[in-house]
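**Student:** For reference, this is entry-v8.txt, and it has compact mmCIF, C-alpha atoms.
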# COMPACT_ATOMS: atom_id res chain seq x y z
CA MET A 1 -15.26 28.74 -96.54
CA LEU A 2 -17.86 28.74 -99.31
CA SER A 3 -18.92 25.50 -100.92
CA PRO A 4 -18.55 25.36 -104.73
CA GLU A 5 -22.34 25.67 -105.03
CA ALA A 6 -22.23 28.96 -103.10
CA LEU A 7 -19.58 30.56 -105.31
CA PRO A 8 -20.95 33.19 -107.70
CA ALA A 9 -21.15 32.15 -111.34
CA VAL A 10 -18.82 33.88 -113.76
CA VAL A 11 -20.86 36.30 -115.86
CA PRO A 12 -20.28 35.99 -119.63
CA LEU A 13 -19.20 39.10 -121.52
CA GLU A 14 -21.01 41.01 -124.25
CA ARG A 15 -19.80 40.62 -127.82
CA SER A 16 -16.56 42.51 -128.46
CA ASP A 17 -13.95 41.56 -131.03
CA PRO A 18 -10.54 40.46 -129.69
CA VAL A 19 -7.51 42.66 -130.39
CA SER A 20 -4.62 40.90 -128.62
CA ILE A 21 -3.62 37.71 -126.82
CA ASP A 22 -1.16 37.19 -123.99
CA VAL A 23 0.01 33.89 -122.53
CA PRO A 24 2.67 35.23 -120.16
CA ARG A 25 4.23 31.98 -118.92
CA ILE A 26 5.21 30.90 -122.43
CA GLY A 27 5.88 34.33 -123.90
CA ILE A 28 3.01 34.62 -126.37
CA HIS A 29 2.07 38.26 -126.98
CA ALA A 30 0.37 38.95 -130.32
CA ARG A 31 -2.12 41.22 -132.02
CA ILE A 32 -5.26 39.49 -133.29
CA ILE A 33 -6.73 39.86 -136.75
CA GLU A 34 -10.07 38.47 -137.96
CA VAL A 35 -10.49 35.56 -140.38
CA GLY A 36 -13.53 33.85 -141.85
CA GLN A 37 -13.91 30.79 -144.04
CA ASN A 38 -12.24 29.72 -147.25
CA PRO A 39 -14.47 29.00 -150.29
CA ASP A 40 -14.39 25.28 -149.39
CA GLY A 41 -15.85 26.02 -145.92
CA SER A 42 -12.62 25.46 -143.98
CA VAL A 43 -11.46 28.09 -141.52
CA ALA A 44 -9.03 30.59 -143.04
CA VAL A 45 -5.63 31.18 -141.46
CA PRO A 46 -3.43 34.28 -141.45
CA SER A 47 -1.20 34.68 -144.52
CA GLU A 48 2.53 34.07 -144.21
CA TYR A 49 2.96 37.85 -144.08
CA GLN A 50 0.62 37.99 -141.05
CA ALA A 51 2.35 35.14 -139.19
CA ALA A 52 3.36 37.37 -136.26
CA GLN A 53 -0.35 37.88 -135.55
CA ALA A 54 -2.95 35.44 -134.25
CA ALA A 55 -6.37 35.23 -135.92
CA TRP A 56 -9.81 35.03 -134.37
CA TYR A 57 -12.29 32.96 -136.40
CA ASN A 58 -15.33 35.23 -136.82
CA GLY A 59 -17.66 32.22 -137.04
CA SER A 60 -16.98 31.54 -133.36
CA ALA A 61 -17.96 33.39 -130.18
CA THR A 62 -15.95 36.40 -129.14
CA PRO A 63 -13.81 35.64 -126.06
CA GLY A 64 -15.95 35.70 -122.92
CA GLN A 65 -19.24 35.03 -124.72
CA ILE A 66 -20.99 31.70 -124.23
CA GLY A 67 -19.52 29.25 -126.74
CA PRO A 68 -16.03 28.51 -127.95
CA ALA A 69 -13.89 31.43 -129.14
CA VAL A 70 -11.41 30.03 -131.67
CA ILE A 71 -8.03 31.70 -132.21
CA LEU A 72 -5.51 30.33 -134.69
CA GLY A 73 -1.88 31.15 -135.28
CA HIS A 74 1.12 29.96 -137.24
CA VAL A 75 3.88 28.11 -135.42
CA ASP A 76 6.59 29.28 -137.81
CA SER A 77 7.20 31.34 -140.91
CA GLN A 78 10.07 32.04 -143.28
CA GLU A 79 8.87 35.66 -143.30
CA LEU A 80 9.84 36.27 -139.65
CA PRO A 81 13.18 36.63 -137.86
CA HIS A 82 14.29 33.27 -136.47
CA GLY A 83 11.20 31.73 -138.14
CA ARG A 84 9.09 32.01 -134.98
CA ALA A 85 5.45 32.91 -135.59
CA ALA A 86 2.72 34.05 -133.17
CA PHE A 87 2.01 30.60 -131.70
CA TYR A 88 5.57 29.22 -131.82
CA ALA A 89 5.48 28.42 -128.07
CA LEU A 90 1.87 27.16 -127.90
CA GLY A 91 2.90 23.51 -127.53
CA ALA A 92 4.63 24.46 -124.25
CA ALA A 93 1.33 25.57 -122.66
CA ARG A 94 0.34 23.63 -119.56
CA HIS A 95 -2.71 22.99 -117.39
CA ASN A 96 -3.67 26.15 -115.41
CA ASP A 97 -1.65 28.58 -117.58
CA GLU A 98 -3.49 31.88 -117.87
CA VAL A 99 -4.51 33.36 -121.22
CA ASP A 100 -5.63 36.99 -121.45
CA ILE A 101 -7.55 38.23 -124.47
CA THR A 102 -7.90 42.01 -124.73
CA LEU A 103 -11.16 43.04 -126.41
CA GLU A 104 -12.09 46.15 -128.43
CA ASP A 105 -14.24 47.45 -125.57
CA GLY A 106 -11.27 47.65 -123.19
CA ILE A 107 -12.08 44.50 -121.22
CA VAL A 108 -9.64 41.60 -120.81
CA ALA A 109 -11.30 38.17 -120.95
CA ARG A 110 -9.33 35.79 -118.73
CA PHE A 111 -9.00 32.07 -119.40
CA ARG A 112 -7.24 29.17 -117.73
CA VAL A 113 -5.86 26.21 -119.71
CA ASP A 114 -7.54 22.87 -119.11
CA VAL A 115 -5.88 20.63 -121.71
CA VAL A 116 -3.15 20.87 -124.35
CA THR A 117 -3.24 18.17 -126.99
CA LEU A 118 -1.53 17.23 -130.26
CA VAL A 119 -3.88 15.64 -132.80
CA SER A 120 -3.36 14.33 -136.30
CA LYS A 121 -4.89 16.52 -139.01
CA GLN A 122 -6.85 13.46 -140.19
CA GLN A 123 -8.41 13.09 -136.72
CA PHE A 124 -9.08 16.76 -135.96
CA PRO A 125 -11.79 16.96 -133.23
CA THR A 126 -14.08 19.37 -135.08
CA GLU A 127 -17.04 19.04 -132.70
CA ALA A 128 -14.87 19.47 -129.57
CA VAL A 129 -13.26 22.60 -131.03
CA TYR A 130 -16.18 24.31 -132.79
CA GLY A 131 -19.23 22.69 -131.20
CA PRO A 132 -21.51 24.53 -128.77
CA THR A 133 -20.67 24.92 -125.08
CA THR A 134 -22.83 26.11 -122.20
CA GLU A 135 -20.09 28.40 -120.85
CA PRO A 136 -17.51 30.74 -122.42
CA ALA A 137 -14.57 28.69 -123.71
CA LEU A 138 -11.38 29.27 -125.66
CA ARG A 139 -9.65 27.14 -128.28
CA LEU A 140 -6.12 28.02 -129.46
CA ILE A 141 -4.84 26.16 -132.52
CA THR A 142 -1.51 25.91 -134.35
CA CYS A 143 0.36 23.34 -136.41
CA GLY A 144 2.43 20.67 -134.73
CA GLY A 145 3.88 17.20 -134.92
CA ALA A 146 6.16 15.87 -137.62
CA TYR A 147 7.00 18.18 -140.55
CA THR A 148 7.87 17.36 -144.13
CA ARG A 149 8.39 19.78 -147.01
CA ALA A 150 5.93 17.82 -149.11
CA ASP A 151 3.04 17.71 -146.62
CA GLY A 152 3.77 20.36 -143.99
CA TYR A 153 2.87 19.55 -140.38
CA ALA A 154 1.13 16.26 -139.66
CA GLY A 155 -0.98 17.59 -136.80
CA ASN A 156 -2.34 20.43 -134.74
CA VAL A 157 -1.64 21.59 -131.20
CA ILE A 158 -4.96 22.52 -129.58
CA VAL A 159 -5.35 24.31 -126.26
CA PHE A 160 -8.74 24.01 -124.53
CA ALA A 161 -9.35 26.68 -121.87
CA HIS A 162 -12.22 27.93 -119.71
CA TYR A 163 -13.25 31.47 -118.86
CA PHE A 164 -12.75 32.55 -115.25
CA GLY A 165 -13.46 36.27 -115.32
CA SER A 166 -12.51 39.64 -116.69
CA ARG A 167 -10.70 42.85 -115.78
CA PRO A 168 -10.24 46.27 -117.34
CA ALA A 169 -7.34 46.54 -119.80
CA ASN A 170 -4.36 48.58 -118.61
Could you show the structure in this file as structure tokens?
**Tutor:**
Amino acid sequence: MLSPEALPAVVPLERSDPVSIDVPRIGIHARIIEVGQNPDGSVAVPSEYQAAQAAWYNGSATPGQIGPAVILGHVDSQELPHGRAAFYALGAARHNDEVDITLEDGIVARFRVDVVTLVSKQQFPTEAVYGPTTEPALRLITCGGAYTRADGYAGNVIVFAHYFGSRPAN
């Protein structure tokens, strides 16, 4: 048996934009669009009409590159049947769930969930989500917590995951 020090390091991937996300255990399967920043500097989110799709923030790494790749998605939408948007089930993610991100170049970047957390929007961990990492990482974000018509959702569900390898897309 090899000691952890003797195991080969996982090689980061070259830059390639993400095109789809799959989290099989919880039934997330969505196309990915690209978003940037709003005029105020905040990260843009998909429109209500794009709620069935997840969105990769183009100010972050692409999945498999060193650094955090950030993918956002709506939890619900009046524009969709049954109101369920791309990341409706994200809060059900658990430690060790696998997340596959298919890239434009035909490679699937594979991640494993480390932590799923619900945070208040007033205490959003900006540095932990967007700050630099020494390895490829993934952050999945959606709304969560209490909901009111006046204020929307009080918090965010955030999934933190680490890269463990790649495979060719089917």
**Student:** What lies within 7 Å of range 152-154 of chain A using only C-alpha atoms, ignoring chain neighbours under 6 positions off, as a list in words?
**Tutor:**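 Returned residues: Ser120, Lys121, Cys143, Gly144, Gly145 and Ala146 of chain A.
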**Student:** Find the spatial neighbours of Leu118 in chain A, counting only C-alpha atoms, within a cut-off of 7 Å - ignore same-chain residues fewer than 3 positions away - and output them as a PyMOL selection string.
**Tutor:** chain A and resi 144+155-158
**Student:** Mind dumping the selected residues with C-alpha atoms as a compact mmCIF listing (two decimals), in the frame of the given file?
**Tutor:**
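The resulting file, part-v1.txt, is shown below:
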# COMPACT_ATOMS: atom_id res chain seq x y z
CA GLY A 144 2.43 20.67 -134.73
CA GLY A 155 -0.98 17.59 -136.80
CA ASN A 156 -2.34 20.43 -134.74
CA VAL A 157 -1.64 21.59 -131.20
CA ILE A 158 -4.96 22.52 -129.58
**Student:** Measure the distance from CA of Ala85 in chain A to CA of Trp56 in chain A in Å and round it to one decimal.
**Tutor:**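 Separation between CA of Ala85 in chain A and CA of Trp56 in chain A: 15.5 Å.
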**Student:** List as a PyMOL selection string the protein and nucleic acid residues near Val11 in chain A, meaning an atom at most 10 Å away when only C-alpha atoms are counted, but skip any in the same chain fewer than 6 places from it.
**Tutor:** chain A and resi 64-66+135-136+163-166
**Student:** So which one's closest to Gly106 in chain A, A:Ala169, A:Ala52, A:Val19, A:Ala128? Using only C-alpha atoms, please.
**Tutor:**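 Going through A:Ala169, A:Ala52, A:Val19, A:Ala128 one by one, the smallest distance to Gly106 in chain A is for A:Ala169.
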**Student:** What is the CA of Tyr88 in chain A-CA of Val75 in chain A distance in Å, reported with one decimal?
**Tutor:** 4.1 Å
**Student:** Can I get range 35-47 of chain A with N, CA and C atoms filled in, as a PDB file, in the coordinates of the input?
**Tutor:**
ATOM      1  N   VAL A  35     -10.404  36.400-139.181  1.00  0.00           N
ATOM      2  CA  VAL A  35     -10.490  35.560-140.380  1.00  0.00           C
ATOM      3  C   VAL A  35     -11.870  34.925-140.434  1.00  0.00           C
ATOM      4  N   GLY A  36     -12.255  34.526-141.636  1.00  0.00           N
ATOM      5  CA  GLY A  36     -13.530  33.850-141.850  1.00  0.00           C
ATOM      6  C   GLY A  36     -13.293  32.449-142.375  1.00  0.00           C
ATOM      7  N   GLN A  37     -14.038  32.108-143.424  1.00  0.00           N
ATOM      8  CA  GLN A  37     -13.910  30.790-144.040  1.00  0.00           C
ATOM      9  C   GLN A  37     -13.353  30.909-145.445  1.00  0.00           C
ATOM     10  N   ASN A  38     -12.678  29.851-145.867  1.00  0.00           N
ATOM     11  CA  ASN A  38     -12.240  29.720-147.250  1.00  0.00           C
ATOM     12  C   ASN A  38     -13.442  29.302-148.105  1.00  0.00           C
ATOM     13  N   PRO A  39     -13.348  29.415-149.426  1.00  0.00           N
ATOM     14  CA  PRO A  39     -14.470  29.000-150.290  1.00  0.00           C
ATOM     15  C   PRO A  39     -14.922  27.563-150.075  1.00  0.00           C
ATOM     16  N   ASP A  40     -14.011  26.679-149.622  1.00  0.00           N
ATOM     17  CA  ASP A  40     -14.390  25.280-149.390  1.00  0.00           C
ATOM     18  C   ASP A  40     -15.043  25.055-148.018  1.00  0.00           C
ATOM     19  N   GLY A  41     -15.213  26.135-147.222  1.00  0.00           N
ATOM     20  CA  GLY A  41     -15.850  26.020-145.920  1.00  0.00           C
ATOM     21  C   GLY A  41     -14.881  25.820-144.767  1.00  0.00           C
ATOM     22  N   SER A  42     -13.607  25.600-145.062  1.00  0.00           N
ATOM     23  CA  SER A  42     -12.620  25.460-143.980  1.00  0.00           C
ATOM     24  C   SER A  42     -12.311  26.832-143.398  1.00  0.00           C
ATOM     25  N   VAL A  43     -11.804  26.837-142.186  1.00  0.00           N
ATOM     26  CA  VAL A  43     -11.460  28.090-141.520  1.00  0.00           C
ATOM     27  C   VAL A  43     -10.182  28.647-142.135  1.00  0.00           C
ATOM     28  N   ALA A  44     -10.205  29.926-142.472  1.00  0.00           N
ATOM     29  CA  ALA A  44      -9.030  30.590-143.040  1.00  0.00           C
ATOM     30  C   ALA A  44      -7.964  30.762-141.961  1.00  0.00           C
ATOM     31  N   VAL A  45      -6.735  30.910-142.380  1.00  0.00           N
ATOM     32  CA  VAL A  45      -5.630  31.180-141.460  1.00  0.00           C
ATOM     33  C   VAL A  45      -4.926  32.458-141.912  1.00  0.00           C
ATOM     34  N   PRO A  46      -4.161  33.084-141.027  1.00  0.00           N
ATOM     35  CA  PRO A  46      -3.430  34.280-141.450  1.00  0.00           C
ATOM     36  C   PRO A  46      -2.473  33.935-142.602  1.00  0.00           C
ATOM     37  N   SER A  47      -2.182  34.906-143.454  1.00  0.00           N
ATOM     38  CA  SER A  47      -1.200  34.680-144.520  1.00  0.00           C
ATOM     39  C   SER A  47       0.191  34.579-143.899  1.00  0.00           C
TER      40      SER A  47
END
